[in-house]
$ cat target01.txt   # compact mmCIF, C-alpha atoms
# COMPACT_ATOMS: atom_id res chain seq x y z
CA MET A 153 -38.98 15.89 21.72
CA LEU A 154 -38.20 18.97 23.83
CA LEU A 155 -36.41 16.86 26.42
CA GLN A 156 -34.13 15.26 23.83
CA ASP A 157 -30.52 16.51 23.94
CA ALA A 158 -28.98 17.93 20.79
CA PRO A 159 -26.03 15.86 19.49
CA PRO A 160 -22.67 17.12 20.79
CA ASP A 161 -20.57 19.31 18.51
CA THR A 162 -17.91 16.89 17.32
CA SER A 163 -17.44 18.42 13.87
CA ALA A 164 -13.81 19.41 14.57
CA TYR A 165 -12.94 15.72 14.99
CA MET A 166 -14.76 14.86 11.78
CA VAL A 167 -12.82 17.52 9.87
CA ALA A 168 -9.56 16.29 11.44
CA GLY A 169 -10.40 12.71 10.43
CA TYR A 170 -11.04 13.52 6.79
CA ALA A 171 -8.04 15.87 6.66
CA VAL A 172 -5.81 13.04 7.92
CA PHE A 173 -7.28 10.68 5.32
CA PHE A 174 -6.62 13.05 2.41
CA VAL A 175 -3.15 14.08 3.63
CA ILE A 176 -1.92 10.48 4.10
CA SER A 177 -3.43 9.46 0.74
CA ALA A 178 -1.79 12.43 -1.01
CA ILE A 179 1.60 11.65 0.54
CA TYR A 180 1.34 8.02 -0.57
CA LEU A 181 0.29 8.97 -4.12
CA ALA A 182 3.15 11.49 -4.34
CA SER A 183 5.60 8.84 -3.14
CA LEU A 184 4.32 6.44 -5.83
CA LEU A 185 4.77 9.07 -8.53
CA VAL A 186 8.27 10.08 -7.36
CA ARG A 187 9.45 6.48 -7.07
CA ARG A 188 8.08 5.62 -10.51
CA HIS A 189 9.77 8.67 -12.03
CA ASN A 190 13.11 7.76 -10.39
CA LEU A 191 12.84 4.16 -11.59
CA GLU A 192 12.16 5.31 -15.15
CA GLN A 193 15.23 7.57 -15.02
CA ASP A 194 17.37 4.74 -13.63
CA PHE A 195 16.09 2.38 -16.30
CA LYS A 196 16.96 4.78 -19.12
CA THR A 197 20.43 5.45 -17.71
CA LEU A 198 21.17 1.77 -17.16
CA GLU A 199 19.99 0.89 -20.65
CA SER A 200 22.29 3.50 -22.18
CA ILE A 201 25.23 2.29 -20.07
CA GLU A 202 24.55 -1.30 -21.06
CA ALA A 203 24.37 -0.34 -24.73
CA GLU A 204 27.63 1.59 -24.36
CA ALA A 205 29.32 -1.35 -22.66
CA ASN A 206 28.14 -3.75 -25.37
CA ARG A 207 29.23 -1.42 -28.14
CA ALA A 208 32.70 -0.72 -26.72
CA PRO A 209 34.42 -4.09 -27.39
CA THR A 210 33.02 -4.29 -30.93
CA ARG A 211 34.15 -0.74 -31.72
CA ILE A 212 37.66 -1.33 -30.41
CA ALA A 213 38.01 -4.68 -32.12
CA SER A 214 36.96 -3.26 -35.49
CA ALA A 215 39.28 -0.25 -35.07
CA GLU A 216 42.22 -2.48 -34.22
CA THR A 217 41.53 -4.87 -37.05
CA SER A 218 41.60 -1.96 -39.49
CA ARG A 219 44.92 -0.85 -37.96
CA GLY A 220 46.27 -4.37 -38.39
CA ARG A 221 46.51 -5.16 -34.68
CA VAL A 222 44.98 -8.22 -33.11
CA SER A 223 44.92 -7.64 -29.33
CA GLY A 224 42.45 -4.93 -28.35
CA SER A 225 41.15 -6.79 -25.33
CA LYS A 226 42.93 -4.58 -22.75
CA LYS A 227 41.21 -1.41 -23.96
CA ALA A 228 37.83 -3.16 -24.16
CA ALA A 229 38.23 -4.46 -20.62
CA ALA A 230 39.11 -0.95 -19.41
CA GLN A 231 35.98 0.47 -21.05
CA ARG A 232 33.80 -2.21 -19.49
CA LYS A 233 35.39 -1.45 -16.11
CA GLN A 234 34.59 2.24 -16.55
CA ALA A 235 30.93 1.44 -17.36
CA ARG A 236 30.71 -0.79 -14.27
CA LYS A 237 32.17 2.01 -12.13
CA LYS A 238 29.46 4.36 -13.42
CA VAL A 239 26.77 1.89 -12.34
CA THR A 240 28.30 1.39 -8.91
CA ARG A 241 28.53 5.14 -8.38
CA ARG A 242 24.87 5.58 -9.31
CA LYS A 243 23.90 2.76 -6.94
CA MET B 133 9.65 0.27 -20.99
CA GLN B 134 5.86 0.11 -21.33
CA GLY B 135 3.45 2.97 -20.53
CA LYS B 136 0.28 2.70 -18.51
CA PRO B 137 -2.48 0.57 -20.10
CA VAL B 138 -5.60 2.48 -21.15
CA THR B 139 -7.75 0.32 -18.83
CA LEU B 140 -5.63 1.36 -15.88
CA LYS B 141 -5.89 5.02 -16.84
CA ALA B 142 -9.68 4.61 -16.97
CA LEU B 143 -9.62 2.87 -13.59
CA ASP B 144 -7.61 5.79 -12.13
CA VAL B 145 -10.36 8.19 -13.25
CA VAL B 146 -13.17 5.91 -12.02
CA SER B 147 -11.44 5.61 -8.63
CA LEU B 148 -11.20 9.38 -8.27
CA LEU B 149 -14.85 9.85 -9.22
CA LEU B 150 -15.95 7.13 -6.80
CA LEU B 151 -13.89 8.72 -4.02
CA ALA B 152 -15.53 12.09 -4.68
CA ALA B 153 -18.98 10.47 -4.58
CA ALA B 154 -18.16 8.47 -1.41
CA THR B 155 -16.95 11.67 0.29
CA TYR B 156 -20.18 13.43 -0.68
CA LEU B 157 -22.32 10.55 0.63
CA ALA B 158 -20.38 10.38 3.90
CA LEU B 159 -20.21 14.11 4.60
CA VAL B 160 -23.45 15.44 3.13
CA PHE B 161 -25.93 12.71 2.19
CA ALA B 162 -25.80 10.50 5.29
CA PRO B 163 -27.79 11.88 8.23
CA THR B 164 -26.05 13.06 11.41
CA GLU B 165 -26.05 10.41 14.12
CA ALA B 166 -28.16 11.48 17.11
CA VAL B 167 -25.79 10.58 19.95
CA MET B 168 -22.27 10.99 18.53
CA GLY B 169 -22.90 13.90 16.19
CA GLN B 170 -20.69 14.71 13.18
CA VAL B 171 -17.72 12.57 14.24
CA GLN B 172 -19.72 9.44 13.40
CA ARG B 173 -19.14 10.31 9.71
CA VAL B 174 -15.52 9.22 10.14
CA PHE B 175 -16.89 5.68 10.44
CA TYR B 176 -17.58 5.34 6.66
CA PHE B 177 -13.93 5.77 5.67
CA HIS B 178 -12.67 4.03 8.81
CA ILE B 179 -14.45 0.80 7.85
CA GLY B 180 -13.71 1.21 4.13
CA THR B 181 -9.96 1.46 4.65
CA ALA B 182 -9.95 -1.29 7.30
CA TRP B 183 -11.82 -3.67 5.00
CA THR B 184 -9.44 -3.18 2.07
CA ALA B 185 -6.34 -3.31 4.30
CA LEU B 186 -7.31 -6.63 5.87
CA LEU B 187 -8.26 -7.99 2.45
CA GLY B 188 -4.85 -6.87 1.15
CA PHE B 189 -2.98 -8.57 4.00
CA ILE B 190 -4.81 -11.82 3.25
CA ALA B 191 -4.08 -11.39 -0.49
CA ALA B 192 -0.40 -10.89 0.38
CA GLY B 193 -0.45 -14.13 2.38
CA ILE B 194 -2.02 -16.00 -0.54
CA THR B 195 0.49 -14.58 -3.06
CA GLY B 196 3.29 -15.41 -0.61
CA GLY B 197 2.08 -19.01 -0.65
CA LEU B 198 1.88 -18.95 -4.46
CA TYR B 199 5.45 -17.64 -4.66
CA LEU B 200 6.71 -20.44 -2.42
CA ALA B 201 4.87 -23.00 -4.55
CA THR B 202 5.88 -21.69 -7.99
CA ARG B 203 8.95 -19.43 -7.38
CA HIS B 204 7.59 -17.00 -9.99
CA GLN B 205 8.79 -13.45 -9.37
CA LYS B 206 5.37 -12.04 -10.33
CA TRP B 207 3.87 -13.33 -7.07
CA ASP B 208 6.58 -11.60 -5.08
CA ILE B 209 5.81 -8.32 -6.86
CA VAL B 210 2.06 -8.67 -6.16
CA GLU B 211 2.75 -9.57 -2.53
CA VAL B 212 4.91 -6.47 -1.91
CA ALA B 213 2.33 -4.26 -3.64
CA ALA B 214 -0.54 -5.66 -1.54
CA VAL B 215 1.36 -5.26 1.73
CA GLU B 216 2.46 -1.70 0.97
CA ILE B 217 -1.02 -0.44 0.08
CA SER B 218 -2.65 -2.30 2.97
CA LEU B 219 -0.11 -0.82 5.37
CA VAL B 220 -1.05 2.72 4.27
CA PHE B 221 -4.80 1.96 4.44
CA PHE B 222 -4.47 0.36 7.86
CA LEU B 223 -2.52 3.34 9.18
CA ILE B 224 -5.42 5.55 8.05
CA THR B 225 -7.88 3.15 9.78
CA ILE B 226 -5.99 3.36 13.08
CA VAL B 227 -5.62 7.17 12.98
CA LEU B 228 -9.30 7.68 12.04
CA GLY B 229 -10.35 5.31 14.84
CA SER B 230 -8.24 7.22 17.31
CA ILE B 231 -9.77 10.55 16.24
CA TRP B 232 -13.27 9.05 16.61
CA ALA B 233 -12.41 7.60 20.03
CA ARG B 234 -11.36 10.95 21.54
CA PRO B 235 -14.87 12.45 21.88
CA ILE B 236 -16.69 9.09 22.23
CA TRP B 237 -14.43 7.16 24.64
CA ASN B 238 -12.77 10.29 26.02
CA THR B 239 -9.33 8.94 25.10
CA TRP B 240 -7.18 8.77 21.95
CA TRP B 241 -6.08 5.20 22.67
CA THR B 242 -6.87 2.28 24.95
CA TRP B 243 -5.40 -1.23 25.01
CA ASP B 244 -8.68 -2.83 23.97
CA PRO B 245 -8.40 -6.24 22.13
CA ARG B 246 -9.36 -4.70 18.75
CA LEU B 247 -7.00 -1.74 19.06
CA THR B 248 -4.18 -3.94 20.31
CA THR B 249 -4.53 -6.53 17.53
CA ALA B 250 -4.74 -3.70 14.97
CA ALA B 251 -1.54 -2.10 16.29
CA VAL B 252 0.21 -5.48 16.30
CA THR B 253 -0.87 -6.13 12.69
CA GLU B 254 0.48 -2.74 11.59
CA LEU B 255 3.79 -3.40 13.34
CA ILE B 256 4.03 -6.90 11.80
CA TYR B 257 3.85 -5.41 8.31
CA ILE B 258 6.26 -2.56 9.09
CA ALA B 259 8.69 -5.30 10.14
CA TYR B 260 8.00 -7.06 6.81
CA PHE B 261 9.60 -4.15 4.94
CA MET B 262 12.46 -3.98 7.43
CA LEU B 263 13.14 -7.66 6.79
CA ARG B 264 13.14 -7.17 3.02
CA GLN B 265 15.41 -4.13 3.29
CA GLY B 266 17.95 -6.22 5.15
CA LEU B 267 18.28 -8.86 2.42
CA GLU B 268 20.46 -8.13 -0.63
CA ASP B 269 19.89 -11.28 -2.66
CA PRO B 270 16.56 -10.96 -4.59
CA GLY B 271 15.77 -14.70 -4.37
CA ARG B 272 16.37 -14.88 -0.64
CA ARG B 273 14.44 -11.64 -0.12
CA ALA B 274 11.42 -12.98 -2.02
CA ARG B 275 11.51 -16.33 -0.19
CA PHE B 276 11.78 -14.81 3.29
CA GLY B 277 9.16 -12.18 2.42
CA ALA B 278 6.75 -14.87 1.20
CA VAL B 279 7.07 -16.93 4.38
CA TYR B 280 6.65 -13.79 6.50
CA ALA B 281 3.58 -12.62 4.54
CA LEU B 282 2.04 -16.09 4.80
CA VAL B 283 2.48 -16.20 8.58
CA GLY B 284 1.61 -12.49 9.01
CA ALA B 285 -1.72 -12.98 7.22
CA ILE B 286 -2.98 -14.84 10.30
CA SER B 287 -3.09 -11.48 12.10
CA ALA B 288 -5.75 -10.15 9.70
CA PRO B 289 -8.63 -12.49 10.68
CA ILE B 290 -7.58 -12.24 14.35
CA THR B 291 -7.94 -8.44 14.14
CA PHE B 292 -11.25 -8.74 12.29
CA PHE B 293 -12.78 -11.20 14.77
CA ALA B 294 -11.27 -9.57 17.91
CA ILE B 295 -14.47 -7.60 18.53
CA ARG B 296 -16.59 -10.72 18.18
CA LEU B 297 -14.41 -13.05 20.23
CA PHE B 298 -13.28 -10.92 23.18
CA ARG B 299 -14.87 -8.51 25.63
CA THR B 300 -14.31 -5.13 24.03
CA ILE B 301 -15.53 -1.54 24.05
CA HIS B 302 -15.11 -1.31 20.25
CA PRO B 303 -18.56 -1.19 18.62
CA VAL B 304 -19.79 -3.88 16.21
CA VAL B 305 -22.00 -2.18 13.67
CA ILE B 306 -22.78 -5.25 11.56
CA GLY B 307 -23.79 -8.33 13.54
CA SER B 308 -23.98 -8.59 17.30
CA GLY B 309 -21.19 -7.42 19.56
CA ASP B 310 -20.37 -7.01 23.20
CA PRO B 311 -23.19 -5.25 25.11
CA GLY B 312 -20.52 -3.21 26.91
CA ALA B 313 -19.32 -1.64 23.66
CA GLU B 314 -19.42 2.16 23.55
CA GLY B 315 -20.35 4.06 20.41
CA THR B 316 -22.66 1.43 18.90
CA PHE B 317 -25.44 2.74 16.66
CA SER B 318 -27.99 1.33 14.25
CA MET B 319 -27.77 2.45 10.65
CA VAL B 320 -30.74 4.02 8.89
CA PRO B 321 -31.08 3.27 5.13
CA ASP B 322 -29.21 6.45 4.05
CA MET B 323 -26.31 5.54 6.35
CA LYS B 324 -26.28 2.01 4.90
CA LEU B 325 -26.07 3.43 1.39
CA ALA B 326 -23.09 5.65 2.31
CA PHE B 327 -21.48 2.73 4.13
CA PHE B 328 -21.75 0.16 1.32
CA PHE B 329 -20.80 2.75 -1.29
CA ALA B 330 -17.62 3.50 0.70
CA LEU B 331 -16.83 -0.23 0.89
CA ILE B 332 -17.16 -0.62 -2.90
CA THR B 333 -15.19 2.59 -3.49
CA PHE B 334 -12.26 1.51 -1.34
CA THR B 335 -12.22 -1.92 -2.97
CA VAL B 336 -11.97 -0.28 -6.43
CA ILE B 337 -9.29 2.15 -5.17
CA PHE B 338 -7.35 -0.79 -3.75
CA VAL B 339 -7.46 -2.65 -7.09
CA ASP B 340 -6.38 0.51 -8.91
CA LEU B 341 -3.47 1.20 -6.54
CA LEU B 342 -2.46 -2.46 -6.60
CA TRP B 343 -2.30 -2.48 -10.40
CA ASN B 344 -0.22 0.74 -10.42
CA ARG B 345 2.09 -0.62 -7.73
CA ILE B 346 2.52 -3.94 -9.57
CA LEU B 347 3.64 -2.07 -12.70
CA MET B 348 6.11 -0.13 -10.57
CA GLY B 349 7.33 -3.37 -8.98
CA ARG B 350 7.94 -4.89 -12.42
CA LEU B 351 9.97 -1.84 -13.42
CA ALA B 352 11.96 -2.00 -10.16
CA ALA B 353 12.72 -5.67 -10.82
CA ARG B 354 13.99 -4.87 -14.34
CA VAL B 355 16.17 -2.04 -13.00
CA GLU B 356 17.62 -4.39 -10.38
CA GLN B 357 18.34 -7.06 -13.02
CA LEU B 358 20.07 -4.48 -15.24
CA LYS B 359 22.21 -3.26 -12.34
CA LEU B 360 23.22 -6.80 -11.45
CA SER B 361 24.06 -7.70 -15.06
CA LEU B 362 26.25 -4.59 -15.41
CA ILE B 363 28.09 -5.17 -12.13
CA ARG B 364 28.89 -8.83 -12.96

$ encode --input "target01.txt" --output "structure tokens"
Amino acid sequence: MLLQDAPPDTSAYMVAGYAVFFVISAIYLASLLVRRHNLEQDFKTLESIEAEANRAPTRIASAETSRGRVSGSKKAAAQRKQARKKVTRRK
Amino acid sequence: MQGKPVTLKALDVVSLLLLAAATYLALVFAPTEAVMGQVQRVFYFHIGTAWTALLGFIAAGITGGLYLATRHQKWDIVEVAAVEISLVFFLITIVLGSIWARPIWNTWWTWDPRLTTAAVTELIYIAYFMLRQGLEDPGRRARFGAVYALVGAISAPITFFAIRLFRTIHPVVIGSGDPGAEGTFSMVPDMKLAFFFALITFTVIFVDLLWNRILMGRLAARVEQLKLSLIR
């Protein structure tokens, strides 16, 4: 027993190993959370833009019908174009 | 937009508790190895992450095959999720192995068959994401990704069996390995407990992360569809 060597002190490597594990895991978890948050924001924005784009032609058509005009398609197309531009800019 | 299911929230908590317990078993409960000293404790998480990463790469290959057979987008989402998580776990495996090797082999890295196949596997799956990034069309991206994941999955068993098939200095703890391996040790019952507990823990963590990542993938797919429908 007395002749047996004590194990070498390799505790610094062990600490480094576990530190690396927890740091990489934390970075990955944070990236998951940030990406999910961004996707949720994008989803909400896109939904509101889509709803706006769908509402626009109906609103214009009803306004023009009440004014006695028939062709409101140019304005509706312009509004749809504007909504599309918004999406492209966000992209 | 749906929130997180209650079962997934419970699994998140269970995963965290298991990780805390596995850390305790590895750092405190398991006895110190007589020859290597404290650094041997890295082994529990090294094997745990390697096991789940290789399992994930194989799962990605299977889901790639399922996508090619059915063309259902769900398989593409599962495949991407499995590859991403496995890539992170395998990076941890390689870094932990390198840290262990420094005091035991007296080097951070050597071009041993196991280390080489592991590095090649990691690079294969980094290239998988580069390939996907380069493809705009979602259908084409899913198809190419599926073929790549299917072929890439071959690297997982090659990496796993590298230490059993070739002459190597990498130790084989379970089963018989090369007699020239450096750093081999036999596990006492307390070490075995910490080892198998870590394996179960990392499998549960993998399932939990996969589920979370699949939900995120579904959301990303819906966002992409909305963008495309608004642009058209």

$ interface_residues --input "target01.txt" --of "chain B" --to "chain A" --cutoff "6 Å" --atoms "only C-alpha atoms" --output "JSON, numbers by chain"
{"B": [166, 167, 169, 170, 171, 174, 228, 355, 362, 363]}

$ residues_around --input "target01.txt" --residues "Met323 of chain B" --least-positions-apart "6" --cutoff "10 Å" --atoms "all atoms listed in the file" --output "list in words"
Leu157, Ala158, Phe161, Ala162, Pro163, Thr164, Glu165, Arg173, Tyr176 and Phe329 of chain B

$ closest_residue --input "target01.txt" --among "B:Val215, B:His204, B:Arg345, B:Leu198" --to "Ser183 of chain A" --atoms "all atoms listed in the file"
B:Arg345

$ atom_distance --input "target01.txt" --atom1 "atom CA of Asp244 of chain B" --atom2 "atom CA of Ile258 of chain B"
21.1 Å

$ residues_around --input "target01.txt" --residues "Ala233 of chain B" --least-positions-apart "6" --cutoff "10 Å" --atoms "all atoms listed in the file" --output "compact mmCIF listing (two decimals) with C-alpha atoms, in the coordinates of the input"
# COMPACT_ATOMS: atom_id res chain seq x y z
CA TYR A 165 -12.94 15.72 14.99
CA VAL B 171 -17.72 12.57 14.24
CA VAL B 227 -5.62 7.17 12.98
CA THR B 239 -9.33 8.94 25.10
CA TRP B 240 -7.18 8.77 21.95
CA TRP B 241 -6.08 5.20 22.67
CA THR B 242 -6.87 2.28 24.95
CA HIS B 302 -15.11 -1.31 20.25
CA GLU B 314 -19.42 2.16 23.55
CA GLY B 315 -20.35 4.06 20.41

$ atom_distance --input "target01.txt" --atom1 "atom CA of Gly193 of chain B" --atom2 "atom CA of Gly180 of chain B"
20.4 Å

$ atom_distance --input "target01.txt" --atom1 "atom CA of Val304 of chain B" --atom2 "atom CA of Arg246 of chain B"
10.8 Å

$ axis_aligned_box --input "target01.txt" --around "segment 158-169 of chain A" --padding-each-side "4 Å" --output "JSON"
{"center_x": -19.3, "center_y": 16.1, "center_z": 15.3, "size_x": 27.4, "size_y": 14.7, "size_z": 18.9}

$ closest_residue --input "target01.txt" --among "B:Ala192, B:Ala152, B:Val336, B:Ala201" --to "Ser218 of chain B" --atoms "all atoms listed in the file"
B:Ala192

$ closest_residue --input "target01.txt" --among "B:Ile337, B:Leu223, B:Ile332, B:Leu187" --to "Ile286 of chain B" --atoms "all atoms listed in the file"
B:Leu187

$ closest_residue --input "target01.txt" --among "B:Ile209, B:Val279, B:Leu331, B:Leu151" --to "Ala353 of chain B" --atoms "all atoms listed in the file"
B:Ile209

$ residues_around --input "target01.txt" --residues "Ala250 of chain B" --least-positions-apart "2" --cutoff "9 Å" --atoms "all atoms listed in the file" --output "list of chain:residue names"
B:Phe222, B:Ile226, B:Pro245, B:Arg246, B:Leu247, B:Thr248, B:Val252, B:Thr253, B:Glu254, B:Leu255, B:Ser287, B:Ala288, B:Thr291, B:Phe292

$ decode --input "target01.txt" --residues "segment 155-191 of chain A" --atoms "C-alpha atoms" --output "PDB file, in the first residue's frame"
ATOM      1  CA  LEU A 155       4.510   1.816  -2.451  1.00  0.00           C
ATOM      2  CA  GLN A 156       1.359   2.687  -4.393  1.00  0.00           C
ATOM      3  CA  ASP A 157       1.485   6.092  -6.137  1.00  0.00           C
ATOM      4  CA  ALA A 158      -1.238   8.614  -5.413  1.00  0.00           C
ATOM      5  CA  PRO A 159      -3.365   9.453  -8.492  1.00  0.00           C
ATOM      6  CA  PRO A 160      -2.079  12.516 -10.375  1.00  0.00           C
ATOM      7  CA  ASP A 161      -3.814  15.837  -9.782  1.00  0.00           C
ATOM      8  CA  THR A 162      -5.903  16.211 -12.916  1.00  0.00           C
ATOM      9  CA  SER A 163      -8.778  18.094 -11.296  1.00  0.00           C
ATOM     10  CA  ALA A 164      -8.170  21.247 -13.380  1.00  0.00           C
ATOM     11  CA  TYR A 165      -8.937  19.240 -16.532  1.00  0.00           C
ATOM     12  CA  MET A 166     -12.073  17.820 -14.949  1.00  0.00           C
ATOM     13  CA  VAL A 167     -13.290  21.309 -14.036  1.00  0.00           C
ATOM     14  CA  ALA A 168     -12.466  22.533 -17.558  1.00  0.00           C
ATOM     15  CA  GLY A 169     -14.394  19.602 -19.055  1.00  0.00           C
ATOM     16  CA  TYR A 170     -17.566  20.231 -17.073  1.00  0.00           C
ATOM     17  CA  ALA A 171     -17.288  24.001 -17.599  1.00  0.00           C
ATOM     18  CA  VAL A 172     -17.126  23.432 -21.368  1.00  0.00           C
ATOM     19  CA  PHE A 173     -20.150  21.134 -21.178  1.00  0.00           C
ATOM     20  CA  PHE A 174     -22.289  23.655 -19.289  1.00  0.00           C
ATOM     21  CA  VAL A 175     -21.155  26.646 -21.373  1.00  0.00           C
ATOM     22  CA  ILE A 176     -21.883  24.957 -24.733  1.00  0.00           C
ATOM     23  CA  SER A 177     -25.235  23.668 -23.433  1.00  0.00           C
ATOM     24  CA  ALA A 178     -26.182  27.131 -22.146  1.00  0.00           C
ATOM     25  CA  ILE A 179     -25.255  28.769 -25.462  1.00  0.00           C
ATOM     26  CA  TYR A 180     -27.352  26.228 -27.367  1.00  0.00           C
ATOM     27  CA  LEU A 181     -30.354  26.640 -25.038  1.00  0.00           C
ATOM     28  CA  ALA A 182     -30.094  30.444 -25.327  1.00  0.00           C
ATOM     29  CA  SER A 183     -29.964  30.167 -29.117  1.00  0.00           C
ATOM     30  CA  LEU A 184     -33.101  27.978 -29.063  1.00  0.00           C
ATOM     31  CA  LEU A 185     -34.947  30.515 -26.908  1.00  0.00           C
ATOM     32  CA  VAL A 186     -33.869  33.522 -29.014  1.00  0.00           C
ATOM     33  CA  ARG A 187     -34.758  31.812 -32.295  1.00  0.00           C
ATOM     34  CA  ARG A 188     -38.156  30.738 -30.962  1.00  0.00           C
ATOM     35  CA  HIS A 189     -38.869  34.269 -29.721  1.00  0.00           C
ATOM     36  CA  ASN A 190     -37.891  35.764 -33.105  1.00  0.00           C
ATOM     37  CA  LEU A 191     -40.061  33.253 -34.964  1.00  0.00           C
TER      38      LEU A 191
END
